[in-house]
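Reproduced below: final_34.cif, with mmCIF, C-alpha atoms.
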data_my_file
loop_
_atom_site.label_atom_id
_atom_site.label_comp_id
_atom_site.auth_asym_id
_atom_site.auth_seq_id
_atom_site.Cartn_x
_atom_site.Cartn_y
_atom_site.Cartn_z
CA MET A 1 58.75 30.97 -35.87
CA MET A 2 59.18 31.73 -32.28
CA THR A 3 56.94 30.42 -29.51
CA ARG A 4 56.22 32.51 -26.53
CA LYS A 5 56.71 31.23 -23.04
CA PRO A 6 53.44 31.34 -21.01
CA THR A 7 53.38 33.83 -18.21
CA ASN A 8 52.75 32.94 -14.58
CA SER A 9 49.27 34.45 -14.64
CA LYS A 10 48.25 32.24 -17.59
CA ILE A 11 49.58 29.15 -15.84
CA MET A 12 47.72 30.05 -12.64
CA CYS A 13 44.49 30.68 -14.58
CA GLN A 14 44.85 27.31 -16.33
CA LYS A 15 45.29 25.54 -12.96
CA ILE A 16 42.13 27.17 -11.60
CA ILE A 17 40.19 26.14 -14.70
CA ASN A 18 41.46 22.56 -14.36
CA VAL A 19 40.40 22.41 -10.70
CA LEU A 20 36.93 23.70 -11.61
CA ALA A 21 36.65 21.11 -14.38
CA VAL A 22 37.57 18.26 -12.01
CA ALA A 23 35.09 19.55 -9.39
CA SER A 24 32.34 19.76 -12.02
CA ALA A 25 33.05 16.19 -13.13
CA ALA A 26 32.89 14.98 -9.51
CA VAL A 27 29.51 16.65 -8.97
CA SER A 28 28.19 15.18 -12.22
CA VAL A 29 29.31 11.68 -11.21
CA ALA A 30 27.68 12.09 -7.78
CA VAL A 31 24.35 13.19 -9.28
CA VAL A 32 24.30 10.36 -11.82
CA GLY A 33 25.35 7.83 -9.16
CA SER A 34 22.66 8.86 -6.69
CA GLY A 35 20.03 8.86 -9.45
CA LEU A 36 21.09 5.36 -10.46
CA TYR A 37 20.96 4.20 -6.82
CA VAL A 38 17.39 5.53 -6.43
CA TYR A 39 16.33 3.95 -9.74
CA VAL A 40 17.75 0.54 -8.84
CA ASN A 41 16.33 0.54 -5.27
CA ARG A 42 13.03 2.30 -6.00
CA ASP A 43 10.85 -0.68 -4.98
CA SER A 44 12.44 -1.06 -1.56
CA ILE A 45 12.34 2.71 -1.02
CA ILE A 46 8.62 2.80 -1.85
CA ASP A 47 7.91 -0.18 0.45
CA GLY A 48 9.78 1.51 3.29
CA ILE A 49 7.83 4.74 2.86
CA LYS A 50 4.53 2.82 2.72
CA SER A 51 5.29 0.95 5.94
CA GLN A 52 6.33 4.17 7.72
CA ALA A 53 3.13 5.89 6.58
CA LEU A 54 0.94 2.99 7.74
CA GLU A 55 2.70 2.90 11.09
CA ALA A 56 2.17 6.63 11.51
CA VAL A 57 -1.53 6.38 10.64
CA LEU A 58 -2.29 3.26 12.66
CA GLY A 59 -0.10 4.18 15.59
CA GLY A 60 1.87 0.96 15.45
CA SER A 61 -1.17 -1.21 16.29
CA GLY A 62 -1.25 -2.73 12.82
CA LEU A 63 -4.08 -4.70 11.33
CA PRO A 64 -6.58 -6.36 12.13
CA GLY A 65 -6.87 -4.66 15.51
CA GLY A 66 -7.19 -1.25 13.93
CA MET A 67 -6.96 1.84 16.08
CA GLY A 68 -8.02 0.14 19.31
CA GLY A 69 -5.34 -2.50 19.30
CA THR A 70 -7.68 -5.37 20.27
CA ASP A 71 -8.79 -8.24 18.09
CA ALA A 72 -12.08 -8.85 19.92
CA LEU A 73 -15.36 -7.42 18.67
CA PRO A 74 -17.90 -6.01 21.13
CA LEU A 75 -20.35 -8.66 22.26
CA GLY A 76 -23.43 -6.45 22.46
CA THR A 77 -23.95 -6.97 26.19
CA ASN A 78 -25.86 -4.69 28.54
CA GLU A 79 -22.86 -2.48 29.09
CA LEU A 80 -23.30 -1.21 25.53
CA ALA A 81 -26.96 -0.30 26.12
CA PRO A 82 -27.72 3.35 26.97
CA SER A 83 -28.16 4.07 30.65
CA THR A 84 -30.95 6.62 30.18
CA PRO A 85 -34.40 5.57 28.96
CA GLN A 86 -35.16 6.24 25.34
CA ALA A 87 -38.05 8.34 24.11
CA ALA A 88 -41.25 6.46 23.25
CA LEU A 89 -42.38 6.09 19.67
CA PRO A 90 -45.00 8.59 18.55
CA GLU A 91 -48.55 7.29 18.41
CA ALA A 92 -50.43 7.02 15.14
CA PRO A 93 -52.97 9.81 14.55
CA VAL A 94 -56.61 8.96 15.14
CA GLY A 95 -58.70 8.48 12.03
CA LEU A 96 -56.27 6.68 9.82
#
Starting from the file, give its structure as structure tokens.
Amino acid sequence: MMTRKPTNSKIMCQKIINVLAVASAAVSVAVVGSGLYVYVNRDSIIDGIKSQALEAVLGGSGLPGGMGGTDALPLGTNELAPSTPQAALPEAPVGL
């Protein structure tokens, strides 16, 4: 039985297939590794996103000041009263 010597084109094709196989393995390892990283650190990732969302909504003022950024409540002084006179209450109809 005689074995045939591989031609140059077969050797070149085999090298290309080997390179593609190694590249495929590298991509697979990267996908699995990044998925594992996200799975392990999912709590800290969620906390970071929550804090960024709260900061975006509240404008960095945080709680308890709310949107205004002050901790004091309005006192209800005269400056809160309307400057124009209010309409009078309607009178009760006669005969009731």
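Put simply, CA of Val38 (chain A) is 16.0 Å away from CA of Lys50 (chain A).
Note that CA of Arg42 (chain A) and CA of Val27 (chain A) are 22.1 Å apart.
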CA of Ser28 (chain A) to CA of Cys13 (chain A) measures 22.6 Å
